[in-house]
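Peer 1: My structure is stored as my_file-v3.pdb, with PDB, C-alpha atoms, pLDDT in the B column.
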```
ATOM      1  CA  MET J   1      47.235  76.695  17.958  1.00 88.00           C
ATOM      2  CA  LYS J   2      47.987  73.334  16.362  1.00 97.00           C
ATOM      3  CA  LEU J   3      51.198  71.601  17.387  1.00 98.00           C
ATOM      4  CA  ASP J   4      53.560  69.393  15.448  1.00 98.00           C
ATOM      5  CA  LEU J   5      55.091  67.953  18.620  1.00 98.00           C
ATOM      6  CA  LEU J   6      53.747  67.701  22.174  1.00 98.00           C
ATOM      7  CA  ALA J   7      55.783  66.313  25.069  1.00 98.00           C
ATOM      8  CA  ILE J   8      53.759  65.043  28.029  1.00 98.00           C
ATOM      9  CA  ALA J   9      55.471  64.456  31.378  1.00 96.00           C
ATOM     10  CA  PRO J  10      54.396  64.170  35.017  1.00 96.00           C
ATOM     11  CA  HIS J  11      56.551  66.936  36.519  1.00 93.00           C
ATOM     12  CA  PRO J  12      58.065  70.252  35.487  1.00 93.00           C
ATOM     13  CA  ASP J  13      61.696  69.572  34.412  1.00 91.00           C
ATOM     14  CA  ASP J  14      61.029  65.986  33.226  1.00 92.00           C
ATOM     15  CA  VAL J  15      60.794  67.054  29.579  1.00 96.00           C
ATOM     16  CA  GLU J  16      63.990  69.080  29.847  1.00 95.00           C
ATOM     17  CA  LEU J  17      65.891  66.125  31.298  1.00 92.00           C
ATOM     18  CA  THR J  18      64.551  63.434  28.967  1.00 93.00           C
ATOM     19  CA  SER J  19      63.956  65.153  25.639  1.00 96.00           C
ATOM     20  CA  GLY J  20      64.897  68.810  25.984  1.00 96.00           C
ATOM     21  CA  GLY J  21      67.471  68.697  23.204  1.00 97.00           C
ATOM     22  CA  THR J  22      64.997  67.110  20.829  1.00 98.00           C
ATOM     23  CA  MET J  23      62.378  69.741  21.659  1.00 98.00           C
ATOM     24  CA  ILE J  24      64.905  72.485  20.932  1.00 98.00           C
ATOM     25  CA  LYS J  25      65.986  70.849  17.685  1.00 98.00           C
ATOM     26  CA  MET J  26      62.428  70.492  16.424  1.00 98.00           C
ATOM     27  CA  ALA J  27      61.629  74.115  17.331  1.00 98.00           C
ATOM     28  CA  GLN J  28      64.747  75.230  15.463  1.00 98.00           C
ATOM     29  CA  ALA J  29      63.562  73.207  12.471  1.00 98.00           C
ATOM     30  CA  GLY J  30      60.403  75.309  12.381  1.00 98.00           C
ATOM     31  CA  TYR J  31      57.976  72.916  14.039  1.00 98.00           C
ATOM     32  CA  ALA J  32      55.401  74.138  16.545  1.00 98.00           C
ATOM     33  CA  THR J  33      56.256  72.427  19.827  1.00 98.00           C
ATOM     34  CA  GLY J  34      54.544  72.279  23.197  1.00 98.00           C
ATOM     35  CA  ILE J  35      54.783  70.753  26.664  1.00 98.00           C
ATOM     36  CA  LEU J  36      52.047  69.411  28.916  1.00 98.00           C
ATOM     37  CA  ASP J  37      53.162  69.044  32.543  1.00 98.00           C
ATOM     38  CA  LEU J  38      50.653  66.852  34.334  1.00 97.00           C
ATOM     39  CA  THR J  39      51.392  67.993  37.904  1.00 95.00           C
ATOM     40  CA  ARG J  40      52.908  70.995  39.656  1.00 91.00           C
ATOM     41  CA  GLY J  41      55.462  68.854  41.495  1.00 84.00           C
ATOM     42  CA  GLU J  42      54.014  69.921  44.830  1.00 82.00           C
ATOM     43  CA  THR J  43      55.218  66.886  46.799  1.00 76.00           C
ATOM     44  CA  GLY J  44      58.844  67.362  45.783  1.00 70.00           C
ATOM     45  CA  THR J  45      61.492  67.996  48.423  1.00 64.00           C
ATOM     46  CA  ARG J  46      62.858  71.144  46.792  1.00 72.00           C
ATOM     47  CA  GLY J  47      61.134  74.304  45.662  1.00 69.00           C
ATOM     48  CA  THR J  48      57.486  75.305  45.704  1.00 83.00           C
ATOM     49  CA  PRO J  49      54.859  74.829  42.992  1.00 82.00           C
ATOM     50  CA  GLU J  50      54.915  78.573  42.393  1.00 90.00           C
ATOM     51  CA  THR J  51      58.690  78.623  41.997  1.00 89.00           C
ATOM     52  CA  ARG J  52      58.670  75.603  39.722  1.00 90.00           C
ATOM     53  CA  ALA J  53      55.976  77.203  37.548  1.00 94.00           C
ATOM     54  CA  LYS J  54      58.203  80.243  36.999  1.00 95.00           C
ATOM     55  CA  GLU J  55      61.180  78.004  36.281  1.00 95.00           C
ATOM     56  CA  ALA J  56      59.115  75.944  33.825  1.00 96.00           C
ATOM     57  CA  ALA J  57      58.073  79.087  31.958  1.00 97.00           C
ATOM     58  CA  ARG J  58      61.713  80.211  31.762  1.00 97.00           C
ATOM     59  CA  ALA J  59      62.860  76.797  30.532  1.00 97.00           C
ATOM     60  CA  GLY J  60      60.075  76.712  27.954  1.00 98.00           C
ATOM     61  CA  LYS J  61      61.278  79.999  26.486  1.00 98.00           C
ATOM     62  CA  ILE J  62      64.823  78.664  26.300  1.00 98.00           C
ATOM     63  CA  MET J  63      63.552  75.607  24.404  1.00 98.00           C
ATOM     64  CA  GLY J  64      61.403  77.693  22.075  1.00 98.00           C
ATOM     65  CA  VAL J  65      58.123  75.917  22.801  1.00 98.00           C
ATOM     66  CA  LYS J  66      54.945  77.636  21.623  1.00 98.00           C
ATOM     67  CA  ILE J  67      52.730  76.273  24.388  1.00 97.00           C
ATOM     68  CA  ARG J  68      53.403  75.101  27.926  1.00 98.00           C
ATOM     69  CA  ARG J  69      50.472  74.050  30.063  1.00 97.00           C
ATOM     70  CA  ASN J  70      50.116  72.436  33.467  1.00 97.00           C
ATOM     71  CA  LEU J  71      47.048  70.287  34.173  1.00 97.00           C
ATOM     72  CA  GLY J  72      47.460  70.533  37.942  1.00 95.00           C
ATOM     73  CA  LEU J  73      46.818  66.840  38.557  1.00 96.00           C
ATOM     74  CA  PRO J  74      47.938  65.576  42.000  1.00 94.00           C
ATOM     75  CA  ASP J  75      51.671  64.975  42.226  1.00 90.00           C
ATOM     76  CA  ALA J  76      52.620  61.471  43.412  1.00 87.00           C
ATOM     77  CA  HIS J  77      48.967  60.478  42.951  1.00 92.00           C
ATOM     78  CA  LEU J  78      48.700  60.114  39.193  1.00 94.00           C
ATOM     79  CA  ALA J  79      46.324  57.354  38.204  1.00 96.00           C
ATOM     80  CA  VAL J  80      44.705  56.100  35.034  1.00 97.00           C
ATOM     81  CA  THR J  81      41.188  57.328  35.782  1.00 97.00           C
ATOM     82  CA  ASP J  82      38.403  58.488  33.486  1.00 96.00           C
ATOM     83  CA  ASP J  83      38.707  62.064  34.745  1.00 97.00           C
ATOM     84  CA  PHE J  84      42.472  62.233  34.237  1.00 98.00           C
ATOM     85  CA  LYS J  85      42.258  60.610  30.809  1.00 97.00           C
ATOM     86  CA  ALA J  86      39.578  63.079  29.756  1.00 97.00           C
ATOM     87  CA  ALA J  87      41.710  66.012  30.930  1.00 97.00           C
ATOM     88  CA  VAL J  88      44.676  64.896  28.829  1.00 98.00           C
ATOM     89  CA  ALA J  89      42.486  63.922  25.862  1.00 98.00           C
ATOM     90  CA  ALA J  90      40.982  67.414  25.845  1.00 97.00           C
ATOM     91  CA  VAL J  91      44.465  68.875  25.365  1.00 98.00           C
ATOM     92  CA  ILE J  92      45.146  66.406  22.550  1.00 98.00           C
ATOM     93  CA  ARG J  93      41.984  67.500  20.764  1.00 98.00           C
ATOM     94  CA  GLU J  94      42.771  71.158  21.325  1.00 97.00           C
ATOM     95  CA  PHE J  95      46.315  71.146  19.938  1.00 98.00           C
ATOM     96  CA  GLU J  96      46.132  68.174  17.540  1.00 98.00           C
ATOM     97  CA  PRO J  97      49.813  67.205  17.810  1.00 98.00           C
ATOM     98  CA  ARG J  98      51.104  64.942  15.051  1.00 98.00           C
ATOM     99  CA  THR J  99      53.760  63.476  17.352  1.00 98.00           C
ATOM    100  CA  VAL J 100      53.607  62.946  21.121  1.00 98.00           C
ATOM    101  CA  ILE J 101      56.501  62.182  23.464  1.00 98.00           C
ATOM    102  CA  LEU J 102      55.636  60.217  26.621  1.00 98.00           C
ATOM    103  CA  PRO J 103      57.750  58.824  29.466  1.00 96.00           C
ATOM    104  CA  TYR J 104      58.835  55.204  29.097  1.00 95.00           C
ATOM    105  CA  TRP J 105      56.251  52.758  30.441  1.00 94.00           C
ATOM    106  CA  GLU J 106      58.556  51.335  33.136  1.00 91.00           C
ATOM    107  CA  GLY J 107      60.529  53.272  35.719  1.00 84.00           C
ATOM    108  CA  ARG J 108      61.410  54.033  39.327  1.00 83.00           C
ATOM    109  CA  HIS J 109      58.898  56.824  39.914  1.00 86.00           C
ATOM    110  CA  PRO J 110      55.234  55.702  39.811  1.00 90.00           C
ATOM    111  CA  ASP J 111      54.190  59.000  38.250  1.00 91.00           C
ATOM    112  CA  HIS J 112      56.474  58.371  35.271  1.00 92.00           C
ATOM    113  CA  TYR J 113      55.165  54.985  34.214  1.00 94.00           C
ATOM    114  CA  THR J 114      51.617  56.010  35.090  1.00 96.00           C
ATOM    115  CA  ALA J 115      51.987  59.059  32.832  1.00 97.00           C
ATOM    116  CA  ALA J 116      52.995  56.757  29.982  1.00 97.00           C
ATOM    117  CA  ARG J 117      49.790  54.744  30.188  1.00 97.00           C
ATOM    118  CA  LEU J 118      47.649  57.795  30.966  1.00 98.00           C
ATOM    119  CA  GLY J 119      49.055  59.627  27.946  1.00 98.00           C
ATOM    120  CA  TYR J 120      48.653  56.676  25.615  1.00 98.00           C
ATOM    121  CA  GLU J 121      45.039  56.011  26.574  1.00 98.00           C
ATOM    122  CA  ALA J 122      44.205  59.723  26.348  1.00 98.00           C
ATOM    123  CA  CYS J 123      45.668  59.860  22.833  1.00 98.00           C
ATOM    124  CA  PHE J 124      43.501  56.925  21.834  1.00 98.00           C
ATOM    125  CA  LEU J 125      40.312  58.223  23.443  1.00 97.00           C
ATOM    126  CA  ALA J 126      40.777  61.654  21.869  1.00 98.00           C
ATOM    127  CA  GLY J 127      40.165  59.996  18.503  1.00 98.00           C
ATOM    128  CA  LEU J 128      36.827  58.440  19.418  1.00 97.00           C
ATOM    129  CA  LYS J 129      34.010  60.396  17.765  1.00 95.00           C
ATOM    130  CA  ASN J 130      31.410  59.609  20.408  1.00 95.00           C
ATOM    131  CA  TYR J 131      33.671  59.948  23.442  1.00 94.00           C
ATOM    132  CA  PRO J 132      32.015  62.506  25.800  1.00 92.00           C
ATOM    133  CA  LEU J 133      34.513  65.270  25.306  1.00 93.00           C
ATOM    134  CA  ALA J 134      34.440  68.749  23.762  1.00 90.00           C
ATOM    135  CA  GLY J 135      36.135  69.296  20.428  1.00 92.00           C
ATOM    136  CA  LEU J 136      36.555  67.314  17.256  1.00 96.00           C
ATOM    137  CA  PRO J 137      38.009  63.808  17.399  1.00 97.00           C
ATOM    138  CA  PHE J 138      41.751  63.667  16.808  1.00 98.00           C
ATOM    139  CA  ARG J 139      44.447  61.054  17.331  1.00 98.00           C
ATOM    140  CA  PRO J 140      48.226  61.656  17.093  1.00 98.00           C
ATOM    141  CA  TYR J 141      50.075  59.898  14.279  1.00 98.00           C
ATOM    142  CA  LYS J 142      53.166  58.932  16.260  1.00 98.00           C
ATOM    143  CA  ILE J 143      54.061  58.264  19.893  1.00 98.00           C
ATOM    144  CA  LEU J 144      57.652  58.211  21.132  1.00 98.00           C
ATOM    145  CA  TYR J 145      58.706  57.061  24.603  1.00 98.00           C
ATOM    146  CA  ALA J 146      61.646  58.877  26.188  1.00 96.00           C
ATOM    147  CA  ALA J 147      64.245  56.334  27.272  1.00 94.00           C
ATOM    148  CA  ALA J 148      66.225  58.579  29.628  1.00 88.00           C
ATOM    149  CA  TYR J 149      64.772  57.408  32.962  1.00 83.00           C
ATOM    150  CA  ALA J 150      64.649  53.723  32.031  1.00 84.00           C
ATOM    151  CA  ASP J 151      67.223  50.962  31.707  1.00 86.00           C
ATOM    152  CA  VAL J 152      66.291  50.264  28.119  1.00 92.00           C
ATOM    153  CA  ARG J 153      68.029  50.303  24.756  1.00 95.00           C
ATOM    154  CA  PRO J 154      66.497  53.030  22.556  1.00 97.00           C
ATOM    155  CA  THR J 155      65.207  52.117  19.132  1.00 96.00           C
ATOM    156  CA  ILE J 156      65.872  55.600  17.751  1.00 96.00           C
ATOM    157  CA  ALA J 157      68.176  58.418  18.841  1.00 97.00           C
ATOM    158  CA  VAL J 158      68.233  62.121  17.996  1.00 98.00           C
ATOM    159  CA  ASP J 159      71.540  63.933  17.546  1.00 98.00           C
ATOM    160  CA  ILE J 160      71.421  66.902  19.953  1.00 98.00           C
ATOM    161  CA  THR J 161      75.082  67.869  19.781  1.00 98.00           C
ATOM    162  CA  LYS J 162      74.312  71.389  18.522  1.00 98.00           C
ATOM    163  CA  GLN J 163      71.440  71.757  20.995  1.00 98.00           C
ATOM    164  CA  TYR J 164      73.265  70.395  24.028  1.00 96.00           C
ATOM    165  CA  ASP J 165      74.351  73.700  25.554  1.00 96.00           C
ATOM    166  CA  ARG J 166      70.864  75.165  25.215  1.00 97.00           C
ATOM    167  CA  ARG J 167      69.374  72.009  26.756  1.00 95.00           C
ATOM    168  CA  ARG J 168      71.733  72.468  29.699  1.00 92.00           C
ATOM    169  CA  LYS J 169      70.513  76.043  30.163  1.00 94.00           C
ATOM    170  CA  ALA J 170      66.904  74.837  30.108  1.00 95.00           C
ATOM    171  CA  ILE J 171      67.614  72.208  32.761  1.00 92.00           C
ATOM    172  CA  LEU J 172      69.505  74.626  34.969  1.00 89.00           C
ATOM    173  CA  ALA J 173      66.605  77.083  34.762  1.00 92.00           C
ATOM    174  CA  TYR J 174      65.219  74.920  37.587  1.00 89.00           C
ATOM    175  CA  ALA J 175      67.513  76.441  40.179  1.00 85.00           C
ATOM    176  CA  SER J 176      65.279  75.237  43.017  1.00 83.00           C
ATOM    177  CA  GLN J 177      65.862  71.633  41.946  1.00 78.00           C
ATOM    178  CA  PHE J 178      69.498  71.574  40.930  1.00 76.00           C
ATOM    179  CA  THR J 179      71.019  74.134  43.292  1.00 70.00           C
ATOM    180  CA  PRO J 180      69.319  73.114  46.552  1.00 59.00           C
ATOM    181  CA  PRO J 181      69.793  75.026  49.834  1.00 60.00           C
ATOM    182  CA  LYS J 182      72.852  74.150  51.923  1.00 62.00           C
ATOM    183  CA  GLU J 183      70.771  72.244  54.452  1.00 56.00           C
ATOM    184  CA  LEU J 184      69.670  69.831  51.702  1.00 52.00           C
ATOM    185  CA  LYS J 185      73.054  69.222  50.137  1.00 51.00           C
ATOM    186  CA  LYS J 186      73.818  66.394  52.568  1.00 55.00           C
ATOM    187  CA  SER J 187      70.365  64.892  52.169  1.00 53.00           C
ATOM    188  CA  ARG J 188      70.065  61.580  50.367  1.00 53.00           C
ATOM    189  CA  VAL J 189      67.564  63.156  47.965  1.00 53.00           C
ATOM    190  CA  ALA J 190      69.662  66.207  47.109  1.00 53.00           C
ATOM    191  CA  ILE J 191      71.272  66.235  43.667  1.00 54.00           C
ATOM    192  CA  PRO J 192      74.550  68.206  43.702  1.00 56.00           C
ATOM    193  CA  LEU J 193      75.088  70.246  40.566  1.00 54.00           C
ATOM    194  CA  ASP J 194      78.353  68.519  39.671  1.00 55.00           C
ATOM    195  CA  GLU J 195      76.638  65.112  39.905  1.00 71.00           C
ATOM    196  CA  LEU J 196      73.816  66.294  37.664  1.00 67.00           C
ATOM    197  CA  GLU J 197      76.317  67.521  35.093  1.00 66.00           C
ATOM    198  CA  ALA J 198      78.046  64.148  35.175  1.00 73.00           C
ATOM    199  CA  ARG J 199      74.779  62.281  34.686  1.00 80.00           C
ATOM    200  CA  MET J 200      73.744  64.538  31.823  1.00 78.00           C
ATOM    201  CA  ASN J 201      77.062  64.129  30.054  1.00 81.00           C
ATOM    202  CA  LEU J 202      77.251  60.384  30.625  1.00 89.00           C
ATOM    203  CA  GLN J 203      73.801  59.575  29.315  1.00 91.00           C
ATOM    204  CA  ALA J 204      73.843  61.948  26.360  1.00 93.00           C
ATOM    205  CA  SER J 205      77.328  60.723  25.451  1.00 95.00           C
ATOM    206  CA  HIS J 206      76.206  57.104  25.751  1.00 95.00           C
ATOM    207  CA  TYR J 207      73.286  57.623  23.387  1.00 97.00           C
ATOM    208  CA  GLY J 208      75.538  59.691  21.144  1.00 97.00           C
ATOM    209  CA  ARG J 209      78.060  56.865  20.791  1.00 96.00           C
ATOM    210  CA  MET J 210      75.252  54.591  19.663  1.00 96.00           C
ATOM    211  CA  ILE J 211      74.746  56.725  16.562  1.00 97.00           C
ATOM    212  CA  GLY J 212      78.249  58.090  16.089  1.00 96.00           C
ATOM    213  CA  VAL J 213      77.740  61.644  17.396  1.00 97.00           C
ATOM    214  CA  LYS J 214      78.795  63.518  20.540  1.00 97.00           C
ATOM    215  CA  TYR J 215      75.407  63.857  22.253  1.00 97.00           C
ATOM    216  CA  ALA J 216      72.001  62.294  21.623  1.00 98.00           C
ATOM    217  CA  GLU J 217      68.648  61.576  23.262  1.00 97.00           C
ATOM    218  CA  GLY J 218      67.105  58.121  23.002  1.00 97.00           C
ATOM    219  CA  PHE J 219      63.520  57.098  22.374  1.00 98.00           C
ATOM    220  CA  VAL J 220      61.573  53.869  22.040  1.00 97.00           C
ATOM    221  CA  VAL J 221      58.857  53.230  19.472  1.00 97.00           C
ATOM    222  CA  LYS J 222      56.629  50.157  19.636  1.00 96.00           C
ATOM    223  CA  GLU J 223      56.020  49.771  15.919  1.00 96.00           C
ATOM    224  CA  VAL J 224      58.418  48.809  13.123  1.00 95.00           C
ATOM    225  CA  THR J 225      59.988  51.791  11.354  1.00 92.00           C
ATOM    226  CA  GLN J 226      59.784  51.884   7.571  1.00 94.00           C
ATOM    227  CA  ILE J 227      62.996  52.362   5.586  1.00 92.00           C
ATOM    228  CA  ASP J 228      62.863  52.904   1.823  1.00 95.00           C
ATOM    229  CA  ASP J 229      66.590  53.246   1.104  1.00 96.00           C
ATOM    230  CA  ILE J 230      68.850  50.688   2.787  1.00 93.00           C
ATOM    231  CA  VAL J 231      71.919  51.887   0.900  1.00 96.00           C
ATOM    232  CA  GLU J 232      71.977  55.390   2.424  1.00 94.00           C
ATOM    233  CA  MET J 233      70.896  54.487   5.962  1.00 93.00           C
ATOM    234  CA  PRO J 234      72.582  56.508   8.748  1.00 92.00           C
ATOM    235  CA  VAL J 235      74.724  54.984  11.561  1.00 92.00           C
ATOM    236  CA  ARG J 236      77.556  52.613  10.725  1.00 90.00           C
ATOM    237  CA  SER J 237      77.343  48.913  11.519  1.00 90.00           C
ATOM    238  CA  MET J 238      81.073  48.590  12.195  1.00 86.00           C
TER
END
```
Would you encode the structure as structure tokens?

Peer 2:
Amino acid sequence: MKLDLLAIAPHPDDVELTSGGTMIKMAQAGYATGILDLTRGETGTRGTPETRAKEAARAGKIMGVKIRRNLGLPDAHLAVTDDFKAAVAAVIREFEPRTVILPYWEGRHPDHYTAARLGYEACFLAGLKNYPLAGLPFRPYKILYAAAYADVRPTIAVDITKQYDRRRKAILAYASQFTPPKELKKSRVAIPLDELEARMNLQASHYGRMIGVKYAEGFVVKEVTQIDDIVEMPVRSM
């Protein structure tokens, strides 16, 4: 299957939290969407890899993705190596996504910013004809970086107001992560459900205000965006 949009993230639930509404919106628009989780999240405090795999499958169905795959790379040990780049590049060649979403290239979790570089280099290498990899050479047309985990001003934002409730359901499909056992609720790494809801609302509302809607998800692009009609541009200046 060829994909129009592929989101690549280090852990199950990262796509849901950073760009879940956008994935839902693109699926509703008729695009073939997919998710590539790089690790199984096996070093996380809550849940097991097996539980998270089931939760990821459930969340993927809620978002309407056509493909969800997990590469099984080592959680908390992501690195930009030839083997890891080849593994991601093979998926790029297989599904030929026109657009790829990656994590932002700076962040608190090493796996997140490592995944950004790993994904970018894999996208580039997938287009090299003589790169030692099965399949035909292919390179995505566009790369977006999800701004959600970074302290950065997005360059574009997607209105997810109509998709917000479904995004919430996809996030909360990860019950092991967002409804932790009682013994973890007082832990410094536990995320109470009411706090998660507040964070979700605050960030989506913040990005939404930037473009004059209720809820939005922000992304960063490195290249200049072409505009042909500056009279009918969206988003008011004042």

Peer 1: What box, with edges along x, y and z, holds each listed atom of region 215-222 of chain J when 8 Å is added on every side, and can you state its centre and edge lengths in Å to one decimal, as JSON?

Peer 2:
```
{"center_x": 66.0, "center_y": 57.0, "center_z": 21.4, "size_x": 34.8, "size_y": 29.7, "size_z": 19.8}
```

Peer 1: Which one is closest to Leu36 (chain J): J:Ile24, J:Ala59, J:Val231, J:Ile92? Count all atoms listed in the file.

Peer 2: J:Ile92

Peer 1: Just the number, please: distance in Å from CA of Pro49 (chain J) to CA of Ala122 (chain J), one decimal.

Peer 2: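 Computing the Euclidean distance for CA of Pro49 (chain J) and CA of Ala122 (chain J) yields 24.9 Å.
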
Peer 1: Suppose you want the space between CA of Tyr215 (chain J) and CA of Asp159 (chain J); what is it in Å?

Peer 2: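 Between these atoms lies a distance of 6.1 Å.
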
Peer 1: Using all atoms listed in the file, which residues sit within 7 Å of Ala216 (chain J) once same-chain residues fewer than 4 positions away are excluded, as a ChimeraX atom specification?

Peer 2: /J:157-161,204-205,207-208

Peer 1: Could you give me, as a list in words, the residues that have an atom at most 9 Å away from the point (58.7, 64.1, 34.7) in the coordinates of the file, using only C-alpha atoms?

Peer 2: Ile8, Ala9, Pro10, His11, Pro12, Asp13, Asp14, Val15, Glu16, Leu17, Thr18, Asp37, Leu38, Thr39, Gly41, Pro103, His109, Asp111, His112 and Ala115 of chain J

Peer 1: So, counting only C-alpha atoms, which residue among J:Ile62, J:Ala89, J:Leu73, J:Ala170 is closest to Arg139 (chain J)?

Peer 2: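 Once distances to Arg139 (chain J) are computed over only C-alpha atoms, the minimum belongs to J:Ala89.
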
Peer 1: So the first atom is CA of Leu144 (chain J) and the second is CA of Phe219 (chain J); what is the distance between them in Å, to one decimal place?

Peer 2: 6.1 Å

Peer 1: Between J:Val65, J:Val235, J:Gln177, J:Lys222, single out the one closest to Tyr120 (chain J), counting all atoms listed in the file.

Peer 2: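 Using all atoms listed in the file, Tyr120 (chain J) sits closest to J:Lys222.
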